[in-house]
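The structure under discussion appears below in the form of C-alpha cells.
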Amino acid sequence: MTVLVVGASAAGLATVEALRRKGYEDRVTVLGAEAHLPYDRPPLSKQVLAGSWAPGQASLRTSDALSALDAEFVLGDPAVRLDARARTVHTESGRTLTADAVVLATGLRPRTLPGQDGLAGVHVLRTLDDALALRAELAPDKRVVVVGDGVLGAEIAATVCGLGVPVTLAGPQPAPLAYQFGPLAAGLLAELHAARGVHLRLGAAVTGLSEKEGRVDGVCLETGEVLPAEVVVVAFGAAPVTDWLAGSGVLCDNGVVCDSRCRAADGIYAAGDVARWHHEGLDVLLRLENRTNATEQAVAVAGNILGEDRPYTPVPYFWTNQFDARIHVHGTLSADAEVSIVEGDVAAGRFVARYRRAGEVVGVLGWNMPKQARQHRQEIAGAAVFAGKP
C-alpha cells in the first residue's frame, strides 16, 4: 500500500509520523504548496512576528527527524486537481502522483478585502513568508491597523503593540472574541488590550481600504470613518483550500465533507483545518481550525488508513496567548451561554469559567489556569463518549 499526503504542514506531517509509529513501512509521499519543510503556524503571530525567533525555530522537526521518516517531500508544487476514483493528484508543475490512500491536508487560505491584492502595505498572516514580510514593515513611526477581532487578529495586535508600534484593532464585535467568549471573558480581553496600548475600534464592520499612489493609507468602516494606516493586516477569517477539488468526486461544503472516520471517499481522507467530518459524540458535521486538532485528527486518519476503523470524537480545544493572558478553551463556547466562575478569581487574573446552555455544560475557559481548565473539561456534556479523552 502507498500513501500520498497533500499538505506539508502540521496535519500532513503528523499523519506521516502516526503511520510510521503504527508500523506502516511502505512508500509515503508528502506534497506541499510551499517551498518550506513543515513548520508550526501558532508562533507566526507571536515569536516569529515579534522577532524573538529566527524563522528556523518554527520548524516542526529537525532535518534528521524528517529523514528518519523515510518519506518523500515534494515541496513548492501546489496540487491543482484530484481524481478521487483513480486516487491521483495533479500538480501545478505537471506532476502526476497516485497512491492507494490520499490524505487531504491543504489547510486554509486567508480571506481578503476588496481591492487588497497588489496594494502595498497590506498583509495577511498565514505562512512563514507572510510573517517575515509583515515583520519587515513594522516600525514605531508606522500606524498599523489589524482588521479582524478574532483569535488571530487579537494575537497580531498584541504582538505588534509589544514591539512599540502603534496599532488599532478593528472589527464588528463589541470586544475581541465576543461572539465566542461572551461578555465576561471578551470584556476582560478588551480591557487587557486597551491597558497595554492597543487602540480598539470595535463594533463597526470594515468595508474596504483607502489608498494613495498604490499604497494603503486607511481602513474604511461602515460608519464612514477612515482609520489612518501605513500598514494593514487583514485577519478576519480563512476559507478551506478546496477549490482545486472541483469535479474530483469529493464533496466540499465549508471544507472536505467526511464520515466519522475522516473519510471523504473510498481511499480519500482529510485532516486538519480543511476537514469537516461527522463527530459522532456531538452528532454534527464539525470543522476545527486549530493546531491541536490538526495533530489529533492526523493520528485518527493514520489509524483508519491502517484498518483501525475508529470514529474521531475529540473534545474541541484551542488556546491563545495574548500579552500575559494564557487562555485555554475546551468544548464549545458561545456568547449566549450561562457563565459561572468555578475556580480562581477574575480580579486576580486567574480563573476557570464554566459555560452552560440549556442546563448542560458545553465548555470551559481557563484564564492562566490551564491545568485546572483541563480537569473541568470532564464536565462537558457528552465528554464521556469522546474516544481516548480522560
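Chain labels A, B, ... are given in the sequence in which chains occur in the C-alpha cells; within each chain residues are numbered consecutively from 1, and ligands are likewise numbered from 1 in the order shown.
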Can you pull out every residue within 8 Å of Lys142 (chain A), counting only C-alpha atoms, but drop anything in the same chain fewer than 5 positions away, and send it as number ranges by chain?
A: 165-166, 229-231
If we count only C-alpha atoms and set the cut-off at 6 Å, which residues sit around Gly255 (chain A), ignoring sequence neighbours fewer than 2 positions away in its own chain? Please answer as a list in words.
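These residues fall inside the cut-off: Pro240, Cys252, Asp253, Val274, Ala275 and Arg276 of chain A.
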Test item: residues at most 10 Å from Arg350 (chain A), only C-alpha atoms, excluding those fewer than 3 positions along its chain, as a PDB file with all heavy atoms, in the first residue's frame:
ATOM      1  N   ALA A 325      -1.862  36.925  29.189  1.00  0.00           N
ATOM      2  CA  ALA A 325      -3.033  36.050  29.340  1.00  0.00           C
ATOM      3  C   ALA A 325      -2.820  34.767  28.547  1.00  0.00           C
ATOM      4  O   ALA A 325      -2.554  34.814  27.343  1.00  0.00           O
ATOM      5  CB  ALA A 325      -4.299  36.754  28.871  1.00  0.00           C
ATOM      6  N   ARG A 326      -2.933  33.629  29.240  1.00  0.00           N
ATOM      7  CA  ARG A 326      -2.859  32.314  28.603  1.00  0.00           C
ATOM      8  C   ARG A 326      -4.251  31.709  28.707  1.00  0.00           C
ATOM      9  O   ARG A 326      -4.678  31.301  29.789  1.00  0.00           O
ATOM     10  CB  ARG A 326      -1.825  31.424  29.305  1.00  0.00           C
ATOM     11  CG  ARG A 326      -0.432  32.057  29.412  1.00  0.00           C
ATOM     12  CD  ARG A 326       0.203  32.230  28.037  1.00  0.00           C
ATOM     13  NE  ARG A 326       1.557  32.770  28.129  1.00  0.00           N
ATOM     14  CZ  ARG A 326       1.873  34.043  27.994  1.00  0.00           C
ATOM     15  NH1 ARG A 326       0.905  34.941  27.780  1.00  0.00           N
ATOM     16  NH2 ARG A 326       3.126  34.447  28.063  1.00  0.00           N
ATOM     17  N   ILE A 327      -4.952  31.665  27.582  1.00  0.00           N
ATOM     18  CA  ILE A 327      -6.358  31.273  27.581  1.00  0.00           C
ATOM     19  C   ILE A 327      -6.501  29.905  26.934  1.00  0.00           C
ATOM     20  O   ILE A 327      -6.050  29.696  25.800  1.00  0.00           O
ATOM     21  CB  ILE A 327      -7.213  32.319  26.837  1.00  0.00           C
ATOM     22  CG1 ILE A 327      -7.025  33.703  27.472  1.00  0.00           C
ATOM     23  CG2 ILE A 327      -8.684  31.917  26.832  1.00  0.00           C
ATOM     24  CD1 ILE A 327      -7.621  34.839  26.662  1.00  0.00           C
ATOM     25  N   GLU A 343     -13.415  28.218  39.518  1.00  0.00           N
ATOM     26  CA  GLU A 343     -12.139  28.217  40.226  1.00  0.00           C
ATOM     27  C   GLU A 343     -11.460  29.553  40.009  1.00  0.00           C
ATOM     28  O   GLU A 343     -11.656  30.212  38.993  1.00  0.00           O
ATOM     29  CB  GLU A 343     -11.215  27.093  39.720  1.00  0.00           C
ATOM     30  CG  GLU A 343     -11.504  25.723  40.284  1.00  0.00           C
ATOM     31  CD  GLU A 343     -10.282  24.802  40.177  1.00  0.00           C
ATOM     32  OE1 GLU A 343      -9.198  25.202  40.644  1.00  0.00           O
ATOM     33  OE2 GLU A 343     -10.453  23.700  39.640  1.00  0.00           O
ATOM     34  N   GLY A 344     -10.625  29.936  40.983  1.00  0.00           N
ATOM     35  CA  GLY A 344      -9.836  31.142  40.838  1.00  0.00           C
ATOM     36  C   GLY A 344     -10.638  32.411  41.070  1.00  0.00           C
ATOM     37  O   GLY A 344     -11.740  32.393  41.636  1.00  0.00           O
ATOM     38  N   ASP A 345     -10.084  33.518  40.587  1.00  0.00           N
ATOM     39  CA  ASP A 345     -10.673  34.832  40.828  1.00  0.00           C
ATOM     40  C   ASP A 345     -10.416  35.714  39.613  1.00  0.00           C
ATOM     41  O   ASP A 345      -9.267  35.887  39.181  1.00  0.00           O
ATOM     42  CB  ASP A 345     -10.031  35.444  42.086  1.00  0.00           C
ATOM     43  CG  ASP A 345     -10.585  36.807  42.431  1.00  0.00           C
ATOM     44  OD1 ASP A 345     -11.640  37.187  41.889  1.00  0.00           O
ATOM     45  OD2 ASP A 345      -9.950  37.521  43.236  1.00  0.00           O
ATOM     46  N   VAL A 346     -11.487  36.270  39.058  1.00  0.00           N
ATOM     47  CA  VAL A 346     -11.364  37.134  37.882  1.00  0.00           C
ATOM     48  C   VAL A 346     -10.455  38.319  38.177  1.00  0.00           C
ATOM     49  O   VAL A 346      -9.595  38.688  37.369  1.00  0.00           O
ATOM     50  CB  VAL A 346     -12.757  37.612  37.423  1.00  0.00           C
ATOM     51  CG1 VAL A 346     -12.620  38.684  36.348  1.00  0.00           C
ATOM     52  CG2 VAL A 346     -13.583  36.436  36.905  1.00  0.00           C
ATOM     53  N   ALA A 347     -10.625  38.927  39.350  1.00  0.00           N
ATOM     54  CA  ALA A 347      -9.841  40.109  39.703  1.00  0.00           C
ATOM     55  C   ALA A 347      -8.347  39.805  39.787  1.00  0.00           C
ATOM     56  O   ALA A 347      -7.509  40.664  39.526  1.00  0.00           O
ATOM     57  CB  ALA A 347     -10.323  40.685  41.034  1.00  0.00           C
ATOM     58  N   GLY A 366     -10.188  28.496  30.633  1.00  0.00           N
ATOM     59  CA  GLY A 366      -9.209  28.763  31.673  1.00  0.00           C
ATOM     60  C   GLY A 366      -8.391  29.988  31.340  1.00  0.00           C
ATOM     61  O   GLY A 366      -7.840  30.088  30.242  1.00  0.00           O
ATOM     62  N   TRP A 367      -8.326  30.923  32.270  1.00  0.00           N
ATOM     63  CA  TRP A 367      -7.536  32.148  32.081  1.00  0.00           C
ATOM     64  C   TRP A 367      -6.348  32.042  33.034  1.00  0.00           C
ATOM     65  O   TRP A 367      -6.490  32.182  34.231  1.00  0.00           O
ATOM     66  CB  TRP A 367      -8.400  33.366  32.410  1.00  0.00           C
ATOM     67  CG  TRP A 367      -7.804  34.702  32.061  1.00  0.00           C
ATOM     68  CD1 TRP A 367      -6.724  35.303  32.626  1.00  0.00           C
ATOM     69  CD2 TRP A 367      -8.280  35.637  31.077  1.00  0.00           C
ATOM     70  NE1 TRP A 367      -6.476  36.524  32.081  1.00  0.00           N
ATOM     71  CE2 TRP A 367      -7.430  36.764  31.123  1.00  0.00           C
ATOM     72  CE3 TRP A 367      -9.342  35.620  30.175  1.00  0.00           C
ATOM     73  CZ2 TRP A 367      -7.608  37.874  30.295  1.00  0.00           C
ATOM     74  CZ3 TRP A 367      -9.521  36.731  29.355  1.00  0.00           C
ATOM     75  CH2 TRP A 367      -8.667  37.845  29.413  1.00  0.00           C
ATOM     76  N   ASN A 368      -5.197  31.745  32.485  1.00  0.00           N
ATOM     77  CA  ASN A 368      -3.983  31.498  33.267  1.00  0.00           C
ATOM     78  C   ASN A 368      -4.144  30.354  34.270  1.00  0.00           C
ATOM     79  O   ASN A 368      -3.468  30.319  35.307  1.00  0.00           O
ATOM     80  CB  ASN A 368      -3.523  32.778  33.990  1.00  0.00           C
ATOM     81  CG  ASN A 368      -2.975  33.806  33.024  1.00  0.00           C
ATOM     82  OD1 ASN A 368      -2.428  33.465  31.981  1.00  0.00           O
ATOM     83  ND2 ASN A 368      -3.136  35.072  33.354  1.00  0.00           N
ATOM     84  N   MET A 369      -5.020  29.396  33.962  1.00  0.00           N
ATOM     85  CA  MET A 369      -5.189  28.191  34.773  1.00  0.00           C
ATOM     86  C   MET A 369      -5.388  26.985  33.850  1.00  0.00           C
ATOM     87  O   MET A 369      -6.442  26.355  33.832  1.00  0.00           O
ATOM     88  CB  MET A 369      -6.376  28.338  35.736  1.00  0.00           C
ATOM     89  CG  MET A 369      -6.207  29.409  36.793  1.00  0.00           C
ATOM     90  SD  MET A 369      -7.547  29.430  38.044  1.00  0.00           S
ATOM     91  CE  MET A 369      -6.995  28.077  39.120  1.00  0.00           C
ATOM     92  N   PRO A 370      -4.360  26.632  33.057  1.00  0.00           N
ATOM     93  CA  PRO A 370      -4.530  25.564  32.061  1.00  0.00           C
ATOM     94  C   PRO A 370      -4.810  24.196  32.663  1.00  0.00           C
ATOM     95  O   PRO A 370      -5.651  23.452  32.151  1.00  0.00           O
ATOM     96  CB  PRO A 370      -3.204  25.579  31.298  1.00  0.00           C
ATOM     97  CG  PRO A 370      -2.227  26.231  32.220  1.00  0.00           C
ATOM     98  CD  PRO A 370      -3.012  27.237  32.994  1.00  0.00           C
TER      99      PRO A 370
END
Give the alpha helix (DSSP H) residues of region 225-363 of chain A, as DSSP finds them on the backbone, and put them as a list in words.
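Of region 225-363 of chain A, the ones in alpha helix (DSSP H) are Arg291, Thr292, Asn293, Ala294, Thr295, Glu296, Gln297, Ala298, Val299, Ala300, Val301, Ala302, Gly303, Asn304 and Ile305 of chain A.
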Keeping only N, CA, C and O atoms, write those residues as a PDB file, in the first residue's frame.
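Final output, saved to again-v1.pdb:
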ATOM      1  N   ARG A 291      -4.363  24.103  16.011  1.00  0.00           N
ATOM      2  CA  ARG A 291      -3.169  23.268  15.941  1.00  0.00           C
ATOM      3  C   ARG A 291      -3.388  21.904  16.592  1.00  0.00           C
ATOM      4  O   ARG A 291      -2.924  20.875  16.077  1.00  0.00           O
ATOM      5  N   THR A 292      -4.064  21.871  17.733  1.00  0.00           N
ATOM      6  CA  THR A 292      -4.282  20.608  18.436  1.00  0.00           C
ATOM      7  C   THR A 292      -5.073  19.633  17.578  1.00  0.00           C
ATOM      8  O   THR A 292      -4.728  18.453  17.456  1.00  0.00           O
ATOM      9  N   ASN A 293      -6.146  20.117  16.966  1.00  0.00           N
ATOM     10  CA  ASN A 293      -6.963  19.237  16.136  1.00  0.00           C
ATOM     11  C   ASN A 293      -6.178  18.713  14.942  1.00  0.00           C
ATOM     12  O   ASN A 293      -6.337  17.559  14.548  1.00  0.00           O
ATOM     13  N   ALA A 294      -5.321  19.554  14.366  1.00  0.00           N
ATOM     14  CA  ALA A 294      -4.542  19.107  13.209  1.00  0.00           C
ATOM     15  C   ALA A 294      -3.740  17.854  13.545  1.00  0.00           C
ATOM     16  O   ALA A 294      -3.692  16.893  12.764  1.00  0.00           O
ATOM     17  N   THR A 295      -3.130  17.846  14.715  1.00  0.00           N
ATOM     18  CA  THR A 295      -2.323  16.705  15.117  1.00  0.00           C
ATOM     19  C   THR A 295      -3.176  15.503  15.484  1.00  0.00           C
ATOM     20  O   THR A 295      -2.920  14.371  15.048  1.00  0.00           O
ATOM     21  N   GLU A 296      -4.206  15.714  16.298  1.00  0.00           N
ATOM     22  CA  GLU A 296      -5.026  14.603  16.771  1.00  0.00           C
ATOM     23  C   GLU A 296      -5.808  13.954  15.633  1.00  0.00           C
ATOM     24  O   GLU A 296      -5.948  12.718  15.577  1.00  0.00           O
ATOM     25  N   GLN A 297      -6.321  14.764  14.722  1.00  0.00           N
ATOM     26  CA  GLN A 297      -7.081  14.196  13.609  1.00  0.00           C
ATOM     27  C   GLN A 297      -6.172  13.412  12.671  1.00  0.00           C
ATOM     28  O   GLN A 297      -6.575  12.381  12.116  1.00  0.00           O
ATOM     29  N   ALA A 298      -4.944  13.883  12.502  1.00  0.00           N
ATOM     30  CA  ALA A 298      -3.990  13.157  11.667  1.00  0.00           C
ATOM     31  C   ALA A 298      -3.721  11.762  12.217  1.00  0.00           C
ATOM     32  O   ALA A 298      -3.610  10.792  11.460  1.00  0.00           O
ATOM     33  N   VAL A 299      -3.628  11.641  13.538  1.00  0.00           N
ATOM     34  CA  VAL A 299      -3.418  10.334  14.162  1.00  0.00           C
ATOM     35  C   VAL A 299      -4.609   9.419  13.883  1.00  0.00           C
ATOM     36  O   VAL A 299      -4.451   8.230  13.572  1.00  0.00           O
ATOM     37  N   ALA A 300      -5.816   9.979  13.981  1.00  0.00           N
ATOM     38  CA  ALA A 300      -7.018   9.187  13.700  1.00  0.00           C
ATOM     39  C   ALA A 300      -7.050   8.736  12.246  1.00  0.00           C
ATOM     40  O   ALA A 300      -7.396   7.588  11.940  1.00  0.00           O
ATOM     41  N   VAL A 301      -6.695   9.635  11.333  1.00  0.00           N
ATOM     42  CA  VAL A 301      -6.671   9.285   9.912  1.00  0.00           C
ATOM     43  C   VAL A 301      -5.668   8.171   9.642  1.00  0.00           C
ATOM     44  O   VAL A 301      -5.963   7.195   8.932  1.00  0.00           O
ATOM     45  N   ALA A 302      -4.488   8.292  10.212  1.00  0.00           N
ATOM     46  CA  ALA A 302      -3.472   7.259  10.013  1.00  0.00           C
ATOM     47  C   ALA A 302      -3.981   5.899  10.492  1.00  0.00           C
ATOM     48  O   ALA A 302      -3.807   4.880   9.812  1.00  0.00           O
ATOM     49  N   GLY A 303      -4.624   5.888  11.646  1.00  0.00           N
ATOM     50  CA  GLY A 303      -5.161   4.638  12.161  1.00  0.00           C
ATOM     51  C   GLY A 303      -6.216   4.042  11.255  1.00  0.00           C
ATOM     52  O   GLY A 303      -6.236   2.821  11.015  1.00  0.00           O
ATOM     53  N   ASN A 304      -7.088   4.872  10.725  1.00  0.00           N
ATOM     54  CA  ASN A 304      -8.154   4.365   9.859  1.00  0.00           C
ATOM     55  C   ASN A 304      -7.624   3.908   8.501  1.00  0.00           C
ATOM     56  O   ASN A 304      -8.142   2.966   7.908  1.00  0.00           O
ATOM     57  N   ILE A 305      -6.590   4.548   8.003  1.00  0.00           N
ATOM     58  CA  ILE A 305      -5.950   4.067   6.780  1.00  0.00           C
ATOM     59  C   ILE A 305      -5.436   2.638   6.989  1.00  0.00           C
ATOM     60  O   ILE A 305      -5.525   1.786   6.098  1.00  0.00           O
TER      61      ILE A 305
END
Spatial neighbours of Glu137 (chain A), 12 Å, only C-alpha atoms, chain gap at least 5 places, as a list in words
Leu49, Ala50, Ala120, Gly121, Val122, His123, Asp130, Ala131, Leu132, Lys142, Arg143, Val144, Val160, Val165, Glu230, Val231, Val232 and Val233 of chain A
I need the residues from that last selection saved to file as a compact mmCIF listing (two decimals), in the first residue's frame (with N, CA and C atoms), if you can.
# COMPACT_ATOMS: atom_id res chain seq x y z
N LEU A 49 6.76 36.82 14.44
CA LEU A 49 6.40 38.20 14.15
C LEU A 49 7.13 39.17 15.07
N ALA A 50 7.30 38.79 16.32
CA ALA A 50 8.00 39.66 17.27
C ALA A 50 9.49 39.72 17.01
N ALA A 120 0.25 47.93 -1.83
CA ALA A 120 1.40 47.93 -0.94
C ALA A 120 0.97 48.25 0.49
N GLY A 121 1.61 47.59 1.44
CA GLY A 121 1.34 47.84 2.85
C GLY A 121 0.25 46.97 3.43
N VAL A 122 -0.41 46.13 2.62
CA VAL A 122 -1.48 45.27 3.10
C VAL A 122 -0.97 43.83 3.20
N HIS A 123 -1.24 43.21 4.34
CA HIS A 123 -0.70 41.89 4.61
C HIS A 123 -1.78 40.94 5.11
N ASP A 130 4.63 35.18 4.98
CA ASP A 130 3.74 36.28 5.37
C ASP A 130 4.24 36.97 6.63
N ALA A 131 4.63 36.17 7.62
CA ALA A 131 5.08 36.73 8.90
C ALA A 131 6.34 37.56 8.73
N LEU A 132 7.26 37.07 7.92
CA LEU A 132 8.51 37.80 7.71
C LEU A 132 8.28 39.09 6.93
N LYS A 142 5.15 53.89 12.02
CA LYS A 142 4.11 53.42 11.11
C LYS A 142 2.89 52.99 11.91
N ARG A 143 1.73 53.51 11.51
CA ARG A 143 0.48 53.14 12.17
C ARG A 143 -0.05 51.85 11.53
N VAL A 144 -0.36 50.89 12.39
CA VAL A 144 -0.84 49.59 11.94
C VAL A 144 -2.30 49.43 12.31
N VAL A 160 2.24 43.20 17.88
CA VAL A 160 2.66 44.48 17.30
C VAL A 160 2.77 45.54 18.39
N VAL A 165 4.93 49.51 18.42
CA VAL A 165 4.36 50.05 17.18
C VAL A 165 2.89 50.42 17.43
N GLU A 230 -0.48 53.07 7.75
CA GLU A 230 0.57 52.81 6.77
C GLU A 230 0.73 51.31 6.51
N VAL A 231 0.29 50.51 7.49
CA VAL A 231 0.35 49.05 7.38
C VAL A 231 -0.99 48.49 7.83
N VAL A 232 -1.55 47.56 7.06
CA VAL A 232 -2.81 46.92 7.41
C VAL A 232 -2.62 45.40 7.37
N VAL A 233 -3.13 44.74 8.40
CA VAL A 233 -3.11 43.28 8.44
C VAL A 233 -4.55 42.80 8.37
Residues of region 106-355 of chain A classed as strand (DSSP E or B) by DSSP on the backbone are to be reported as number ranges by chain.
A: 108-110, 120, 122-123, 144-147, 167-171, 199-202, 206-212, 215-221, 226-228, 231-234, 238-240, 252, 256-258, 263-265, 268-270, 275-279, 284-286, 317-322, 325-331, 338-345, 350-355
So that I have them on file, write out the residues from the current selection with C-alpha atoms, as an mmCIF file, in the first residue's frame.
data_model
loop_
_atom_site.group_PDB
_atom_site.id
_atom_site.type_symbol
_atom_site.label_atom_id
_atom_site.label_comp_id
_atom_site.auth_asym_id
_atom_site.auth_seq_id
_atom_site.Cartn_x
_atom_site.Cartn_y
_atom_site.Cartn_z
ATOM 1 C CA LEU A 108 -6.801 27.323 4.893
ATOM 2 C CA ARG A 109 -6.446 30.406 2.728
ATOM 3 C CA PRO A 110 -6.910 33.861 4.346
ATOM 4 C CA ALA A 120 1.404 47.928 -0.937
ATOM 5 C CA VAL A 122 -1.483 45.268 3.098
ATOM 6 C CA HIS A 123 -0.697 41.892 4.611
ATOM 7 C CA VAL A 144 -0.838 49.588 11.939
ATOM 8 C CA VAL A 145 -4.484 48.571 11.691
ATOM 9 C CA VAL A 146 -5.409 44.922 12.234
ATOM 10 C CA VAL A 147 -8.696 44.044 10.549
ATOM 11 C CA VAL A 167 -1.749 49.535 16.480
ATOM 12 C CA THR A 168 -5.527 49.649 16.125
ATOM 13 C CA LEU A 169 -7.716 46.538 16.287
ATOM 14 C CA ALA A 170 -10.849 46.888 14.132
ATOM 15 C CA GLY A 171 -13.845 44.625 13.732
ATOM 16 C CA HIS A 199 -6.429 51.161 20.284
ATOM 17 C CA LEU A 200 -9.748 49.323 19.976
ATOM 18 C CA ARG A 201 -12.085 50.438 17.204
ATOM 19 C CA LEU A 202 -14.720 47.741 17.511
ATOM 20 C CA VAL A 206 -14.701 47.150 7.851
ATOM 21 C CA THR A 207 -15.915 47.844 4.310
ATOM 22 C CA GLY A 208 -12.674 48.389 2.438
ATOM 23 C CA LEU A 209 -9.347 50.151 2.153
ATOM 24 C CA SER A 210 -8.280 53.587 1.010
ATOM 25 C CA GLU A 211 -5.073 54.090 -0.919
ATOM 26 C CA LYS A 212 -2.764 56.713 -2.295
ATOM 27 C CA ARG A 215 -0.144 52.142 -1.141
ATOM 28 C CA VAL A 216 -2.748 51.699 1.584
ATOM 29 C CA ASP A 217 -3.395 54.766 3.695
ATOM 30 C CA GLY A 218 -6.543 53.853 5.608
ATOM 31 C CA VAL A 219 -9.195 51.357 6.616
ATOM 32 C CA CYS A 220 -12.808 52.268 5.841
ATOM 33 C CA LEU A 221 -15.579 51.462 8.323
ATOM 34 C CA VAL A 226 -11.455 56.023 7.929
ATOM 35 C CA LEU A 227 -8.733 54.720 10.233
ATOM 36 C CA PRO A 228 -5.373 56.068 9.034
ATOM 37 C CA VAL A 231 0.352 49.051 7.378
ATOM 38 C CA VAL A 232 -2.812 46.919 7.406
ATOM 39 C CA VAL A 233 -3.107 43.280 8.439
ATOM 40 C CA VAL A 234 -6.252 41.524 7.194
ATOM 41 C CA ALA A 238 -9.909 31.990 6.346
ATOM 42 C CA ALA A 239 -11.514 29.525 3.959
ATOM 43 C CA PRO A 240 -10.635 25.855 3.444
ATOM 44 C CA CYS A 252 -16.833 20.078 -0.462
ATOM 45 C CA VAL A 256 -13.939 18.449 2.716
ATOM 46 C CA VAL A 257 -17.027 16.591 3.952
ATOM 47 C CA CYS A 258 -16.122 13.291 5.621
ATOM 48 C CA ARG A 263 -13.049 9.505 5.032
ATOM 49 C CA ALA A 264 -14.266 11.641 2.132
ATOM 50 C CA ALA A 265 -14.406 8.848 -0.463
ATOM 51 C CA ILE A 268 -9.569 9.505 0.332
ATOM 52 C CA TYR A 269 -9.244 11.064 3.815
ATOM 53 C CA ALA A 270 -8.974 14.598 5.202
ATOM 54 C CA ALA A 275 -11.635 18.532 7.150
ATOM 55 C CA ARG A 276 -15.347 18.736 8.013
ATOM 56 C CA TRP A 277 -16.288 15.402 9.487
ATOM 57 C CA HIS A 278 -19.189 13.753 11.304
ATOM 58 C CA HIS A 279 -18.490 13.941 15.028
ATOM 59 C CA VAL A 284 -22.861 17.199 13.851
ATOM 60 C CA LEU A 285 -20.560 17.949 10.959
ATOM 61 C CA LEU A 286 -17.641 19.742 12.568
ATOM 62 C CA TYR A 317 -9.867 22.501 22.264
ATOM 63 C CA PHE A 318 -7.769 25.547 21.460
ATOM 64 C CA TRP A 319 -5.515 28.024 23.212
ATOM 65 C CA THR A 320 -4.316 31.577 22.662
ATOM 66 C CA ASN A 321 -1.610 33.709 24.272
ATOM 67 C CA GLN A 322 -2.122 37.480 24.333
ATOM 68 C CA ALA A 325 -3.033 36.050 29.340
ATOM 69 C CA ARG A 326 -2.859 32.314 28.603
ATOM 70 C CA ILE A 327 -6.358 31.273 27.581
ATOM 71 C CA HIS A 328 -7.327 27.608 27.153
ATOM 72 C CA VAL A 329 -10.747 26.596 25.851
ATOM 73 C CA HIS A 330 -12.318 23.125 25.943
ATOM 74 C CA GLY A 331 -15.660 22.325 24.354
ATOM 75 C CA GLU A 338 -24.635 30.977 31.105
ATOM 76 C CA VAL A 339 -21.151 31.604 32.533
ATOM 77 C CA SER A 340 -20.023 30.929 36.092
ATOM 78 C CA ILE A 341 -16.588 31.065 37.718
ATOM 79 C CA VAL A 342 -15.761 27.673 39.213
ATOM 80 C CA GLU A 343 -12.139 28.217 40.226
ATOM 81 C CA GLY A 344 -9.836 31.142 40.838
ATOM 82 C CA ASP A 345 -10.673 34.832 40.828
ATOM 83 C CA ARG A 350 -6.546 33.514 37.166
ATOM 84 C CA PHE A 351 -9.841 31.660 36.840
ATOM 85 C CA VAL A 352 -11.821 28.878 35.196
ATOM 86 C CA ALA A 353 -15.225 29.725 33.723
ATOM 87 C CA ARG A 354 -17.896 27.113 33.048
ATOM 88 C CA TYR A 355 -20.284 27.637 30.115
#
Polymer residues at most 7 Å from Gly7 (chain A), only C-alpha atoms, same-chain spacing of 3 or more positions, as a VMD selection string
chain A and resid 12 30 to 32 104 to 106
Compile the contact shell of Ala86 (chain A) as an NGL selection string: residues with an atom at most 12 Å away, counting only C-alpha atoms, same-chain residues fewer than 6 positions apart removed.
:A and (96-102 or 248-249 or 265-268)
Those same residues, written as a PDB file, in the first residue's frame with N, CA and C atoms?
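As written to disk, again04.pdb reads:
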ATOM      1  N   THR A  96       2.203  13.971 -11.761  1.00  0.00           N
ATOM      2  CA  THR A  96       1.042  13.120 -11.510  1.00  0.00           C
ATOM      3  C   THR A  96       1.427  12.133 -10.417  1.00  0.00           C
ATOM      4  N   LEU A  97       0.729  12.204  -9.277  1.00  0.00           N
ATOM      5  CA  LEU A  97       1.041  11.358  -8.130  1.00  0.00           C
ATOM      6  C   LEU A  97      -0.161  10.488  -7.811  1.00  0.00           C
ATOM      7  N   THR A  98       0.056   9.189  -7.723  1.00  0.00           N
ATOM      8  CA  THR A  98      -1.017   8.235  -7.463  1.00  0.00           C
ATOM      9  C   THR A  98      -0.656   7.386  -6.250  1.00  0.00           C
ATOM     10  N   ALA A  99      -1.654   7.069  -5.417  1.00  0.00           N
ATOM     11  CA  ALA A  99      -1.410   6.254  -4.232  1.00  0.00           C
ATOM     12  C   ALA A  99      -2.655   5.445  -3.904  1.00  0.00           C
ATOM     13  N   ASP A 100      -2.500   4.457  -3.040  1.00  0.00           N
ATOM     14  CA  ASP A 100      -3.643   3.657  -2.598  1.00  0.00           C
ATOM     15  C   ASP A 100      -4.525   4.438  -1.631  1.00  0.00           C
ATOM     16  N   ALA A 101      -3.912   5.339  -0.855  1.00  0.00           N
ATOM     17  CA  ALA A 101      -4.665   6.205   0.068  1.00  0.00           C
ATOM     18  C   ALA A 101      -4.150   7.629  -0.077  1.00  0.00           C
ATOM     19  N   VAL A 102      -5.064   8.581  -0.160  1.00  0.00           N
ATOM     20  CA  VAL A 102      -4.712  10.001  -0.296  1.00  0.00           C
ATOM     21  C   VAL A 102      -5.285  10.756   0.893  1.00  0.00           C
ATOM     22  N   SER A 248     -13.726  16.622  -8.578  1.00  0.00           N
ATOM     23  CA  SER A 248     -12.869  15.497  -8.182  1.00  0.00           C
ATOM     24  C   SER A 248     -13.645  14.253  -7.771  1.00  0.00           C
ATOM     25  N   GLY A 249     -14.922  14.440  -7.432  1.00  0.00           N
ATOM     26  CA  GLY A 249     -15.679  13.342  -6.856  1.00  0.00           C
ATOM     27  C   GLY A 249     -15.744  13.397  -5.356  1.00  0.00           C
ATOM     28  N   ALA A 265     -14.045   9.773   0.617  1.00  0.00           N
ATOM     29  CA  ALA A 265     -14.406   8.848  -0.463  1.00  0.00           C
ATOM     30  C   ALA A 265     -13.552   7.612  -0.263  1.00  0.00           C
ATOM     31  N   ASP A 266     -13.787   6.600  -1.053  1.00  0.00           N
ATOM     32  CA  ASP A 266     -13.019   5.374  -0.912  1.00  0.00           C
ATOM     33  C   ASP A 266     -11.526   5.666  -1.109  1.00  0.00           C
ATOM     34  N   GLY A 267     -10.747   5.471  -0.051  1.00  0.00           N
ATOM     35  CA  GLY A 267      -9.316   5.714  -0.130  1.00  0.00           C
ATOM     36  C   GLY A 267      -8.899   7.167  -0.014  1.00  0.00           C
ATOM     37  N   ILE A 268      -9.852   8.071   0.211  1.00  0.00           N
ATOM     38  CA  ILE A 268      -9.569   9.505   0.332  1.00  0.00           C
ATOM     39  C   ILE A 268      -9.954   9.971   1.736  1.00  0.00           C
TER      40      ILE A 268
END
When you count only C-alpha atoms, which of these residues is closest to Lys46 (chain A): A:Leu163, A:Val6, A:Ala178, A:Val80?
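For Lys46 (chain A), the nearest of the candidates is A:Leu163.
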Restricting the calculation to only C-alpha atoms, which member of A:Leu44, A:Leu113, A:Ala195, A:Leu177 is positioned closest to Thr159 (chain A)?
A:Leu44
